[in-house]
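Colleague: What follows is query_7.txt; its format and atoms are compact mmCIF, C-alpha atoms and all ligand atoms.
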```
# COMPACT_ATOMS: atom_id res chain seq x y z
CA LEU A 1 74.19 95.51 132.56
CA ALA A 2 70.93 97.42 132.56
CA GLY A 3 67.58 95.79 133.09
CA GLY A 4 68.85 93.76 136.04
CA ALA A 5 70.38 91.13 133.77
CA VAL A 6 73.56 89.56 135.06
CA VAL A 7 75.43 87.75 132.35
CA ALA A 8 78.91 86.30 132.46
CA GLY A 9 81.70 86.54 129.92
CA GLY A 10 81.15 84.95 126.52
CA ALA A 11 77.40 84.86 126.99
CA VAL A 12 77.22 88.65 126.76
CA GLY A 13 77.70 88.86 122.99
CA ALA A 14 75.19 86.10 122.36
CA LEU A 15 72.60 87.74 124.60
CA LEU A 16 73.04 91.10 122.92
CA ASP A 17 72.66 89.58 119.48
CA HIS A 18 69.63 87.65 120.60
CA GLU A 19 67.93 90.71 122.06
CA LEU A 20 68.80 92.78 119.05
CA ALA A 21 67.56 90.22 116.58
CA HIS A 22 64.40 89.17 118.34
CA ASP A 23 63.24 92.03 120.51
CA GLY A 24 64.77 95.16 119.08
CA ALA A 25 64.70 96.30 122.70
CA PRO A 26 67.25 98.78 124.03
CA ILE A 27 70.21 96.96 125.50
CA ALA A 28 73.16 98.12 127.55
CA THR A 29 76.78 98.37 126.55
CA ALA A 30 78.53 95.12 127.41
CA ALA A 31 80.36 94.97 130.70
CA THR A 32 84.16 94.95 130.63
CA PRO A 33 85.78 91.62 131.36
CA ALA A 34 86.72 93.08 134.75
CA GLU A 35 83.11 94.14 135.44
CA SER A 36 81.57 90.84 134.37
CA GLY A 37 84.13 88.91 136.40
CA ALA A 38 84.91 86.66 133.44
CA PRO A 39 87.94 86.98 131.16
CA ALA A 40 87.52 88.18 127.60
CA THR A 41 87.64 85.51 124.91
CA VAL A 42 88.60 85.48 121.22
CA TYR A 43 85.96 82.83 120.54
CA GLY A 44 82.45 83.91 119.57
CA ARG A 45 80.73 86.32 117.24
CA HIS A 46 82.83 89.39 118.06
CA GLN A 47 86.28 90.16 119.42
CA PRO A 48 86.49 91.92 122.79
CA GLY A 49 87.88 95.44 123.19
CA VAL A 50 85.22 97.20 121.12
CA VAL A 51 81.82 97.61 122.79
CA ASP A 52 83.09 96.92 126.29
CA ARG A 53 84.08 99.93 128.42
CA ALA A 54 87.63 101.03 127.69
CA PRO A 55 90.14 100.13 130.44
CA ALA A 56 92.67 102.77 131.58
CA CYS A 57 95.72 101.72 129.54
CA LEU A 58 96.18 101.26 125.81
CA ARG A 59 99.02 100.20 123.57
CA PHE A 60 98.22 100.05 119.88
CA VAL A 61 100.79 98.20 117.78
CA ALA A 62 100.93 98.12 113.97
CA TYR A 63 102.93 95.30 112.38
CA ASP A 64 104.10 94.83 108.81
CA LEU A 65 104.73 91.54 107.06
CA THR A 66 108.45 90.98 106.60
CA ALA A 67 109.63 91.20 102.98
CA ALA A 68 109.95 87.41 102.81
CA ALA A 69 106.51 86.79 104.36
CA ARG A 70 104.85 89.21 101.94
CA THR A 71 105.73 86.97 98.98
CA THR A 72 103.69 84.17 100.59
CA ALA A 73 101.25 86.42 102.45
CA ARG A 74 98.34 84.02 102.68
CA SER A 75 100.28 81.19 104.29
CA ALA A 76 102.35 83.62 106.35
CA LEU A 77 99.23 85.29 107.81
CA THR A 78 97.63 81.90 108.38
CA ALA A 79 100.65 80.68 110.34
CA ALA A 80 100.86 83.92 112.33
CA LEU A 81 97.15 84.03 113.22
CA LYS A 82 97.10 80.33 114.15
CA ARG A 83 99.88 80.98 116.67
CA LEU A 84 98.46 84.31 117.79
CA THR A 85 94.94 83.07 118.65
CA PRO A 86 95.77 80.68 121.52
CA ALA A 87 98.36 83.16 122.85
CA VAL A 88 95.72 85.91 122.96
CA GLU A 89 93.14 83.62 124.57
CA SER A 90 95.58 82.44 127.19
CA MET A 91 96.80 85.91 128.18
CA MET A 92 93.28 87.37 128.36
CA ALA A 93 92.48 84.61 130.87
CA GLY A 94 95.60 85.50 132.89
CA ARG A 95 97.40 82.29 131.94
CA TRP A 96 100.68 84.02 131.19
CA ILE A 97 102.82 82.62 128.38
CA ALA A 98 106.57 82.07 128.07
CA GLU A 99 106.98 84.96 125.59
CA GLN A 100 105.99 87.41 128.36
CA GLU A 101 109.36 86.60 129.94
CA VAL A 102 107.92 86.56 133.50
CA ILE A 103 107.27 90.33 133.33
CA ALA A 104 103.63 89.79 134.35
CA ASP A 105 104.28 87.24 137.06
CA GLY A 106 102.37 88.27 140.15
CA MET A 107 99.88 90.25 138.04
CA ARG A 108 96.22 89.65 137.21
CA PRO A 109 94.95 90.30 133.64
CA ALA A 110 93.26 93.52 134.89
CA GLY A 111 90.48 93.45 132.30
CA LEU A 112 92.90 92.67 129.47
CA THR A 113 91.48 92.71 125.95
CA ILE A 114 93.46 92.09 122.76
CA THR A 115 91.77 93.05 119.48
CA VAL A 116 93.19 92.12 116.08
CA GLY A 117 92.68 93.66 112.64
CA LEU A 118 94.18 93.44 109.16
CA GLY A 119 95.23 96.34 106.94
CA ALA A 120 94.36 96.72 103.26
CA ALA A 121 97.81 95.79 101.94
CA ALA A 122 97.84 92.52 103.89
CA LEU A 123 94.36 91.65 102.68
CA THR A 124 95.32 92.29 99.09
CA ALA A 125 98.60 90.38 99.42
CA SER A 126 96.68 87.42 100.86
CA GLY A 127 94.54 87.28 97.72
CA ALA A 128 91.32 88.51 99.37
CA ALA A 129 88.99 90.81 97.47
CA LEU A 130 89.26 94.10 99.36
CA PRO A 131 85.96 95.07 101.02
CA ALA A 132 84.75 98.45 99.72
CA ALA A 133 84.93 99.69 103.31
CA MET A 134 88.73 99.23 103.20
CA ALA A 135 89.19 101.83 100.46
CA PRO A 136 92.05 104.18 101.42
CA ILE A 137 91.11 107.10 103.64
CA PRO A 138 91.50 110.19 101.44
CA ALA A 139 93.84 113.03 102.31
CA PHE A 140 92.19 116.00 104.07
CA PRO A 141 93.39 119.59 103.84
CA THR A 142 94.21 119.73 107.56
CA ASP A 143 96.33 116.53 107.51
CA GLY A 144 100.00 116.52 108.44
CA LEU A 145 100.46 112.76 108.44
CA ASP A 146 103.67 110.90 109.22
CA PRO A 147 103.78 107.77 107.03
CA ALA A 148 106.20 106.13 109.50
CA ARG A 149 103.40 105.87 112.05
CA SER A 150 100.48 105.36 109.69
CA GLY A 151 98.97 102.23 108.14
CA GLY A 152 100.13 98.68 108.85
CA ASP A 153 99.42 95.10 107.78
CA LEU A 154 98.23 93.91 111.18
CA GLY A 155 96.93 96.18 113.95
CA ILE A 156 96.56 95.03 117.54
CA GLN A 157 94.83 97.02 120.26
CA VAL A 158 95.91 95.96 123.76
CA CYS A 159 93.84 97.40 126.63
CA ALA A 160 94.01 96.69 130.37
CA ASP A 161 93.71 98.48 133.67
CA ASP A 162 97.41 97.95 134.35
CA PRO A 163 100.36 99.32 132.32
CA LEU A 164 102.78 96.51 133.19
CA VAL A 165 100.30 93.91 131.99
CA VAL A 166 99.97 95.83 128.72
CA ALA A 167 103.75 96.03 128.28
CA SER A 168 104.22 92.32 128.94
CA VAL A 169 101.51 91.44 126.43
CA VAL A 170 103.10 93.62 123.75
CA GLN A 171 106.45 91.93 124.44
CA ALA A 172 104.78 88.54 123.96
CA LEU A 173 102.77 89.46 120.87
CA SER A 174 105.88 90.69 119.07
CA ALA A 175 107.71 87.46 119.90
CA VAL A 176 104.78 85.28 118.79
CA LEU A 177 104.47 87.17 115.49
CA ALA A 178 108.23 87.54 114.85
CA PRO A 179 108.64 84.89 112.16
CA GLN A 180 106.25 86.74 109.82
CA LEU A 181 105.62 90.25 111.14
CA SER A 182 107.58 93.02 112.80
CA ALA A 183 106.25 96.02 114.70
CA ARG A 184 106.57 99.32 112.80
CA TRP A 185 104.81 101.80 115.09
CA MET A 186 103.23 101.83 118.52
CA GLN A 187 101.06 104.27 120.41
CA ASN A 188 100.50 104.39 124.15
CA GLY A 189 97.30 105.83 125.55
CA PHE A 190 95.46 106.30 128.81
CA LEU A 191 92.07 107.13 130.27
CA PRO A 192 91.14 108.02 133.84
CA SER A 193 91.52 104.92 136.02
CA ALA A 194 88.85 103.64 138.39
CA ALA A 195 91.30 104.28 141.24
CA GLY A 196 91.46 107.99 140.40
CA SER A 197 87.84 108.67 139.43
CA THR A 198 85.29 109.88 141.95
CA ASP A 199 82.70 108.34 139.60
CA PRO A 200 84.25 105.61 137.42
CA ALA A 201 81.05 105.50 135.31
CA ALA A 202 81.32 109.20 134.40
CA THR A 203 82.31 110.29 130.89
CA PRO A 204 86.12 110.66 130.89
CA ARG A 205 87.85 113.99 130.23
CA ASN A 206 90.52 114.38 127.56
CA LEU A 207 93.63 116.60 127.77
CA MET A 208 91.62 119.61 126.58
CA GLY A 209 89.52 119.19 129.71
CA GLN A 210 86.41 118.20 127.75
CA LEU A 211 84.02 115.40 128.62
CA ASP A 212 84.73 113.18 125.59
CA GLY A 213 82.37 110.36 124.69
CA THR A 214 79.07 111.85 125.92
CA ASP A 215 77.11 111.15 122.77
CA ASN A 216 78.63 107.80 121.87
CA PRO A 217 75.94 105.35 120.78
CA THR A 218 74.75 102.85 123.40
CA GLY A 219 72.52 99.80 123.45
CA ALA A 220 71.10 98.60 120.16
CA ARG A 221 72.39 101.69 118.31
CA LEU A 222 75.92 100.82 119.41
CA GLN A 223 75.66 97.26 118.12
CA LEU A 224 74.31 98.48 114.78
CA ALA A 225 76.96 101.20 114.53
CA VAL A 226 79.98 98.94 114.98
CA TRP A 227 79.31 95.35 113.89
CA VAL A 228 79.33 94.34 110.26
CA ALA A 229 76.15 92.36 109.61
CA GLY A 230 76.54 91.49 105.93
CA GLY A 231 75.26 93.69 103.15
CA PRO A 232 78.05 94.71 100.79
CA ASN A 233 80.64 93.12 103.06
CA PRO A 234 82.25 89.72 102.46
CA ASP A 235 81.06 86.85 104.67
CA TRP A 236 84.42 86.70 106.48
CA MET A 237 83.79 90.20 107.93
CA VAL A 238 80.37 89.44 109.45
CA GLY A 239 80.76 90.05 113.19
CA GLY A 240 83.81 92.27 112.58
CA SER A 241 84.17 96.04 112.43
CA TYR A 242 86.29 98.73 110.77
CA LEU A 243 88.68 100.72 112.93
CA VAL A 244 90.04 104.16 112.00
CA CYS A 245 92.99 105.36 114.11
CA ARG A 246 94.26 108.96 114.00
CA ARG A 247 97.01 110.37 116.21
CA ILE A 248 95.71 113.90 116.81
CA ARG A 249 98.15 116.21 118.60
CA MET A 250 96.60 119.00 120.66
CA LEU A 251 98.08 122.50 120.58
CA LEU A 252 97.55 122.85 124.31
CA PRO A 253 99.14 126.29 124.92
CA GLU A 254 96.92 127.72 122.15
CA TRP A 255 93.90 126.01 123.65
CA TYR A 256 94.46 127.13 127.21
CA ARG A 257 94.97 130.73 126.13
CA ARG A 258 91.20 130.75 125.42
CA ASN A 259 88.77 131.25 128.29
CA THR A 260 86.13 128.66 129.09
CA THR A 261 83.40 130.52 127.15
CA GLU A 262 85.56 130.47 124.02
CA ARG A 263 86.49 126.82 124.57
CA ALA A 264 82.83 125.89 125.00
CA ALA A 265 81.93 127.60 121.72
CA VAL A 266 84.52 125.53 119.83
CA ILE A 267 82.85 122.27 120.84
CA GLY A 268 79.26 123.50 121.36
CA ARG A 269 79.18 122.14 124.91
CA ALA A 270 79.91 123.69 128.32
CA VAL A 271 83.40 122.88 129.59
CA GLU A 272 82.48 121.94 133.16
CA SER A 273 79.20 120.05 132.68
CA GLY A 274 79.46 118.94 129.05
CA ALA A 275 75.89 120.20 128.51
CA PRO A 276 75.03 121.40 125.00
CA LEU A 277 75.10 125.20 124.70
CA SER A 278 71.41 125.03 123.78
CA GLY A 279 70.77 124.10 127.44
CA GLY A 280 70.08 121.17 129.76
CA THR A 281 72.54 118.73 131.24
CA GLU A 282 75.31 116.54 129.80
CA LYS A 283 72.93 114.00 128.31
CA SER A 284 70.34 116.49 126.98
CA PRO A 285 70.02 116.35 123.19
CA PRO A 286 71.50 119.42 121.51
CA ASP A 287 68.99 121.80 119.92
CA PHE A 288 70.77 123.10 116.84
CA ALA A 289 68.06 125.68 116.07
CA ALA A 290 68.23 127.30 119.53
CA ARG A 291 69.32 130.97 119.64
CA THR A 292 70.83 133.14 122.34
CA ALA A 293 68.99 136.23 123.62
CA ALA A 294 71.08 138.24 121.15
CA GLY A 295 69.82 136.07 118.28
CA ALA A 296 73.02 134.13 117.55
CA LEU A 297 73.04 130.34 117.20
CA ALA A 298 73.46 128.89 120.71
CA ILE A 299 75.62 126.12 119.21
CA PRO A 300 77.79 128.02 116.72
CA ALA A 301 77.83 127.12 113.02
CA ASP A 302 81.42 125.83 113.23
CA ALA A 303 81.04 124.03 116.58
CA HIS A 304 82.44 120.47 116.63
CA VAL A 305 79.17 118.86 117.79
CA ARG A 306 77.08 120.62 115.16
CA LEU A 307 79.33 119.24 112.42
CA THR A 308 79.59 115.72 113.87
CA HIS A 309 76.13 115.06 115.34
CA PRO A 310 74.22 112.23 113.62
CA ALA A 311 71.20 114.50 113.02
CA ASN A 312 73.38 116.64 110.75
CA ASN A 313 75.06 113.67 109.05
CA GLY A 314 72.21 111.57 107.70
CA GLY A 315 71.97 109.63 110.98
CA VAL A 316 75.38 107.97 110.73
CA THR A 317 77.15 107.19 113.97
CA MET A 318 80.29 105.45 115.14
CA LEU A 319 81.86 104.37 118.41
CA ARG A 320 84.68 106.71 119.45
CA ARG A 321 86.99 104.77 121.77
CA GLY A 322 90.02 107.04 121.77
CA TYR A 323 92.76 107.37 124.39
CA SER A 324 94.74 110.39 125.54
CA TYR A 325 98.49 110.29 124.98
CA ASP A 326 101.23 112.34 126.61
CA ASP A 327 104.55 111.43 125.01
CA GLY A 328 106.87 114.03 126.51
CA LEU A 329 108.40 116.84 124.47
CA ARG A 330 108.90 117.23 120.74
CA ALA A 331 112.17 118.39 119.20
CA ASP A 332 110.69 121.91 119.07
CA GLY A 333 110.09 121.89 122.83
CA GLN A 334 106.30 121.67 122.51
CA ARG A 335 104.40 118.97 124.37
CA ASP A 336 103.73 115.88 122.32
CA ALA A 337 100.25 115.21 123.69
CA GLY A 338 96.76 114.73 122.33
CA LEU A 339 94.14 112.16 121.47
CA PHE A 340 94.80 108.80 119.85
CA PHE A 341 91.39 108.84 118.15
CA GLN A 342 89.94 105.40 117.50
CA ALA A 343 86.55 104.92 115.85
CA PHE A 344 84.78 101.61 115.19
CA GLN A 345 82.13 101.59 112.49
CA THR A 346 80.55 99.50 109.74
CA ASP A 347 81.56 101.73 106.84
CA PRO A 348 84.30 104.38 107.13
CA ALA A 349 83.34 105.98 103.80
CA THR A 350 79.91 107.05 105.07
CA THR A 351 80.96 107.72 108.68
CA PHE A 352 84.56 108.71 109.52
CA VAL A 353 85.47 109.98 106.05
CA ALA A 354 82.22 111.89 105.51
CA ILE A 355 82.40 113.54 108.95
CA GLN A 356 86.14 114.27 108.79
CA ARG A 357 85.61 115.94 105.41
CA ARG A 358 83.19 118.37 107.10
CA LEU A 359 85.52 118.86 110.06
CA ALA A 360 88.53 119.58 107.85
CA ALA A 361 86.51 122.24 106.03
CA ASN A 362 84.77 123.96 108.94
CA ASP A 363 85.55 122.71 112.44
CA ALA A 364 86.48 125.42 114.95
CA LEU A 365 88.56 122.74 116.70
CA SER A 366 90.96 122.50 113.73
CA ALA A 367 92.90 125.57 114.95
CA PHE A 368 93.88 123.61 118.08
CA ILE A 369 94.74 120.15 116.72
CA ARG A 370 96.98 118.43 114.15
CA HIS A 371 96.23 115.04 112.60
CA GLU A 372 99.61 113.27 112.56
CA SER A 373 98.85 109.66 111.65
CA SER A 374 96.14 107.59 110.04
CA ALA A 375 95.39 103.88 109.85
CA LEU A 376 92.47 101.68 108.87
CA PHE A 377 92.05 98.07 109.98
CA ALA A 378 89.45 95.39 109.30
CA ILE A 379 88.78 94.13 112.83
CA LEU A 380 88.17 90.43 112.37
CA PRO A 381 85.10 88.69 113.77
CA GLY A 382 85.70 86.44 116.76
CA ALA A 383 87.38 83.10 116.13
CA PRO A 384 85.15 80.07 115.43
CA SER A 385 84.96 77.70 118.39
CA GLY A 386 88.23 75.76 118.53
CA GLY A 387 89.52 77.69 115.50
CA TRP A 388 91.60 80.80 114.93
CA LEU A 389 91.21 84.50 114.19
CA GLY A 390 90.96 85.07 110.44
CA GLN A 391 89.95 81.48 109.74
CA GLN A 392 86.80 82.68 107.97
CA LEU A 393 89.05 84.63 105.57
CA LEU A 394 92.09 82.43 105.15
CA ALA A 395 91.00 78.78 105.53
CA GLY A 396 90.25 76.78 102.42
C1 LIG B 401 91.55 115.85 119.16
C2 LIG B 401 90.48 115.71 118.38
C3 LIG B 401 89.07 115.70 118.90
C4 LIG B 401 88.58 116.15 120.10
C5 LIG B 401 89.34 116.81 121.22
C6 LIG B 401 87.17 115.89 120.09
C7 LIG B 401 86.32 116.23 121.12
C8 LIG B 401 84.96 115.99 121.13
C9 LIG B 401 84.05 116.39 122.17
C10 LIG B 401 84.46 117.13 123.43
C11 LIG B 401 82.80 116.00 121.83
C12 LIG B 401 81.50 116.24 122.60
C13 LIG B 401 81.21 115.18 123.60
C14 LIG B 401 80.90 113.83 122.99
O1 LIG B 401 79.79 113.59 122.51
O2 LIG B 401 81.79 112.99 123.04
C15 LIG B 401 82.92 115.32 120.57
C16 LIG B 401 81.89 114.73 119.89
C17 LIG B 401 82.02 114.05 118.70
N1 LIG B 401 83.14 113.96 117.92
FE1 LIG B 401 84.97 114.69 118.37
N2 LIG B 401 86.83 115.28 118.92
C18 LIG B 401 87.96 115.15 118.16
C19 LIG B 401 88.07 114.59 116.90
C20 LIG B 401 87.02 114.01 116.22
C21 LIG B 401 87.12 113.41 114.91
C22 LIG B 401 88.39 113.32 114.08
C23 LIG B 401 85.88 112.94 114.61
C24 LIG B 401 85.40 112.21 113.36
C25 LIG B 401 85.83 112.42 112.15
C26 LIG B 401 85.00 113.24 115.71
C27 LIG B 401 83.69 112.89 115.80
C28 LIG B 401 82.84 113.20 116.83
C29 LIG B 401 81.47 112.75 116.90
C30 LIG B 401 80.75 111.86 115.90
C31 LIG B 401 80.94 113.30 118.08
C32 LIG B 401 79.53 113.11 118.64
C33 LIG B 401 78.66 114.20 118.10
C34 LIG B 401 77.27 114.09 118.69
O3 LIG B 401 76.66 113.03 118.59
O4 LIG B 401 76.80 115.09 119.26
N3 LIG B 401 85.72 113.91 116.66
N4 LIG B 401 84.23 115.34 120.15
```
Go through the file and emit its structure as structure tokens.
Ligand code: HEM
Modeller:
Amino acid sequence: LAGGAVVAGGAVGALLDHELAHDGAPIATAATPAESGAPATVYGRHQPGVVDRAPACLRFVAYDLTAAARTTARSALTAALKRLTPAVESMMAGRWIAEQEVIADGMRPAGLTITVGLGAAALTASGAALPAAMAPIPAFPTDGLDPARSGGDLGIQVCADDPLVVASVVQALSAVLAPQLSARWMQNGFLPSAAGSTDPAATPRNLMGQLDGTDNPTGARLQLAVWVAGGPNPDWMVGGSYLVCRRIRMLLPEWYRRNTTERAAVIGRAVESGAPLSGGTEKSPPDFAARTAAGALAIPADAHVRLTHPANNGGVTMLRRGYSYDDGLRADGQRDAGLFFQAFQTDPATTFVAIQRRLAANDALSAFIRHESSALFAILPGAPSGGWLGQQLLAG
């Protein structure tokens, strides 16, 4: 943590909220469970796996209610979440559970976080009034979505610095949820690991070779960007967030046929340093009015950062916490690789949807990517002390 503060585990969220509410002072991104030395916990204001630094391995799993459970969705979800909560808490602390079938024996939790959200259909089936923020994401002209790996009633993000830990947790979650929910799609993802990074604190590169995450919000802006604080949202979402997932395949042969000058122009940032094409270093603010000696815009009109930057979008911002994926070959022999884009925000309509509408119309990057799946989940607030995830929604 910045400012010399050393805070352990569950106290982090409380401290951040306190500083935000009372000081308005800039605050650092929360440490990962691994960095703070304390396991993540489901209890508290927020779930883990959002503002903490992303560990190297991801598995995202989307579950659907079984046909039978859907007819009694409220009690089915209640039963499932009551069983899920202690299982999640136990595994995040490294107290492995029987449903992991000894796969993780001999392993540490490796910064494990498990983050749980509900989809719109499950909310509606449970009798909840759908928050406006859960309105369906509209279709965009550049979409090529596969319904078989889109949507879902319950979405769970599992992150850790070890792939076997992740696999054992997914095995256990599916067993714990089996009476009411079955997995419909899964996505693996990865980021550079601490073991392989010369500077583990550096912005990670994606499979296009770009520094990806440079201008993510930090400190107080991050907290405001991701956590639902009230407003038009129902009380049961306060402390939660909205997660948009998009599986975005990269057309890598197309991309790597372009030289680095052309690739830089697509994003509006230099390939090697990540600096904006208006000048400076990676963290320098882009100057969208800057011109080259020849009089052209230094950051082209269709550059990805021009279209997405908060200054050009009414100030809206979100946390991008995506993972690369590399799933072998497709039936057509092309690589099945890209970015499993994940964005946490307080209102997808004014953030993801508004920005993606601009990208679909104008983004130079569109020629090199294909959006293949889409999902939206209401990430629940943390569980009340001694209670369960979703209790604020489903109890009473
Ligand atoms: C495969 C698809 C994508 C790739 C490879 C990609 C890559 C990048 C890169 C390299 C940057 C500049 C560095 C940074 O600030 O992180 C960036 C920035 C950004 N991207 Fe994307 N992006 C993709 C999809 C999207 C989508 C779908 C959205 C939202 C609808 C989005 C929103 C943003 C935002 C908000 C920024 C920060 C802009 C700023 O503050 O300057 N990106 N992206």
Colleague: Could I get the residue neighbourhood of ligand LIG 401 (chain B) at 6 Å, counting only C-alpha atoms and all ligand atoms, as a PDB file with C-alpha atoms, in the frame of the given file?
Modeller:
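So the final result, stored in part23.pdb, reads:
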```
ATOM      1  CA  GLN A 210      86.410 118.200 127.750  1.00  0.00           C
ATOM      2  CA  LEU A 211      84.020 115.400 128.620  1.00  0.00           C
ATOM      3  CA  ASP A 212      84.730 113.180 125.590  1.00  0.00           C
ATOM      4  CA  GLY A 213      82.370 110.360 124.690  1.00  0.00           C
ATOM      5  CA  THR A 214      79.070 111.850 125.920  1.00  0.00           C
ATOM      6  CA  ASP A 215      77.110 111.150 122.770  1.00  0.00           C
ATOM      7  CA  ASN A 216      78.630 107.800 121.870  1.00  0.00           C
ATOM      8  CA  ILE A 248      95.710 113.900 116.810  1.00  0.00           C
ATOM      9  CA  ILE A 267      82.850 122.270 120.840  1.00  0.00           C
ATOM     10  CA  VAL A 305      79.170 118.860 117.790  1.00  0.00           C
ATOM     11  CA  THR A 308      79.590 115.720 113.870  1.00  0.00           C
ATOM     12  CA  HIS A 309      76.130 115.060 115.340  1.00  0.00           C
ATOM     13  CA  PRO A 310      74.220 112.230 113.620  1.00  0.00           C
ATOM     14  CA  LEU A 339      94.140 112.160 121.470  1.00  0.00           C
ATOM     15  CA  PHE A 352      84.560 108.710 109.520  1.00  0.00           C
ATOM     16  CA  ILE A 355      82.400 113.540 108.950  1.00  0.00           C
ATOM     17  CA  GLN A 356      86.140 114.270 108.790  1.00  0.00           C
ATOM     18  CA  ILE A 369      94.740 120.150 116.720  1.00  0.00           C
TER      19      ILE A 369
END
```
Colleague: Pick out the closest residue to Pro192 (chain A) from this set: A:Asp363, A:Asp162, A:Glu262, A:Asp143. Count only C-alpha atoms.
Modeller: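 Answer, going by the shortest atom-to-atom distance: A:Asp162.
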Colleague: Within 6 Å of Gln180 (chain A), counting all atoms listed in the file, which residues qualify if same-chain residues fewer than 4 places away don't, as a list in words?
Modeller: Leu65, Thr66 and Ala69 of chain A
Colleague: Excluding same-chain residues fewer than 4 positions from Met92 (chain A), what lies within 7 Å of it counting all atoms listed in the file, as a ChimeraX atom specification?
Modeller: /A:39-41,88,109,112-113
Colleague: With a distance cut-off of 12 Å and only C-alpha atoms, select the neighbouring residues of Glu254 (chain A), excluding the residue or stretch itself and same-chain residues fewer than 6 positions from it, and output the selection as a short mmCIF file (atom, residue, chain, number, x, y, z; two decimals) with C-alpha atoms, keeping the file's coordinate frame.
Modeller:
```cif
data_model
loop_
_atom_site.label_atom_id
_atom_site.label_comp_id
_atom_site.auth_asym_id
_atom_site.auth_seq_id
_atom_site.Cartn_x
_atom_site.Cartn_y
_atom_site.Cartn_z
CA MET A 208 91.62 119.61 126.58
CA GLU A 262 85.56 130.47 124.02
CA ARG A 263 86.49 126.82 124.57
CA GLN A 334 106.30 121.67 122.51
CA ARG A 335 104.40 118.97 124.37
CA LEU A 365 88.56 122.74 116.70
CA SER A 366 90.96 122.50 113.73
CA ALA A 367 92.90 125.57 114.95
CA PHE A 368 93.88 123.61 118.08
CA ILE A 369 94.74 120.15 116.72
#
```
Colleague: Measure the distance from CA of Ala220 (chain A) to CA of Val271 (chain A) in Å and round it to one decimal.
Modeller: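 We find that CA of Ala220 (chain A) and CA of Val271 (chain A) lie 28.8 Å from each other.
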Colleague: State, in Å with one decimal place, the distance from CA of Phe140 (chain A) to CA of Cys159 (chain A).
Modeller: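 CA of Cys159 (chain A) lies 29.3 Å from CA of Phe140 (chain A).
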Colleague: Between A:Thr260, A:Thr85, A:Thr203, A:Asn313, single out the one closest to Leu380 (chain A), counting only C-alpha atoms.
Modeller: A:Thr85
Colleague: I want to know what sits within 12 Å of Pro232 (chain A), based on only C-alpha atoms, with residues of the same chain fewer than 3 positions away left out; could you give that as a list in words?
Modeller: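 Residues meeting the cut-off are Leu130, Pro131, Ala132, Ala133, Met134, Val228, Ala229, Asp235, Trp236, Met237, Val238, Thr346 and Asp347 of chain A.
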Colleague: Measuring between only C-alpha atoms, which one of A:Leu181, A:Arg205, A:Leu164, A:Arg246 shows the shortest distance to Thr78 (chain A)?
Modeller: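 Smallest separation from Thr78 (chain A) among the options: A:Leu181.
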Colleague: Distance CA of Phe190 (chain A)-CA of Ala354 (chain A), one decimal place?
Modeller: 27.4 Å
Colleague: Can you list every residue of region 41-111 of chain A that has an atom at most 8 Å from region 169-172 of chain A, with its nearest atom pair and the distance in Å to one decimal, using only C-alpha atoms, ordered by chain then number, as JSON lines?
Modeller:
```
{"residue": "A:Arg59", "atom": "CA", "partner": "A:Val170", "partner_atom": "CA", "distance": 7.7}
{"residue": "A:Val61", "atom": "CA", "partner": "A:Val170", "partner_atom": "CA", "distance": 7.9}
{"residue": "A:Met91", "atom": "CA", "partner": "A:Val169", "partner_atom": "CA", "distance": 7.5}
{"residue": "A:Ile97", "atom": "CA", "partner": "A:Ala172", "partner_atom": "CA", "distance": 7.6}
{"residue": "A:Ala98", "atom": "CA", "partner": "A:Ala172", "partner_atom": "CA", "distance": 7.9}
{"residue": "A:Glu99", "atom": "CA", "partner": "A:Ala172", "partner_atom": "CA", "distance": 4.5}
{"residue": "A:Gln100", "atom": "CA", "partner": "A:Ala172", "partner_atom": "CA", "distance": 4.7}
{"residue": "A:Glu101", "atom": "CA", "partner": "A:Ala172", "partner_atom": "CA", "distance": 7.8}
```
Colleague: Give me the residues within 9 Å of Pro285 (chain A) as JSON, numbers by chain, counting only C-alpha atoms and dropping any in the same chain fewer than 5 places off.
Modeller: {"A": [215, 275, 276, 278, 279, 280]}
Colleague: Okay, now the selection with C-alpha atoms, as a PDB file, in the frame of the given file?
Modeller:
```pdb
ATOM      1  CA  ASP A 215      77.110 111.150 122.770  1.00  0.00           C
ATOM      2  CA  ALA A 275      75.890 120.200 128.510  1.00  0.00           C
ATOM      3  CA  PRO A 276      75.030 121.400 125.000  1.00  0.00           C
ATOM      4  CA  SER A 278      71.410 125.030 123.780  1.00  0.00           C
ATOM      5  CA  GLY A 279      70.770 124.100 127.440  1.00  0.00           C
ATOM      6  CA  GLY A 280      70.080 121.170 129.760  1.00  0.00           C
TER       7      GLY A 280
END
```
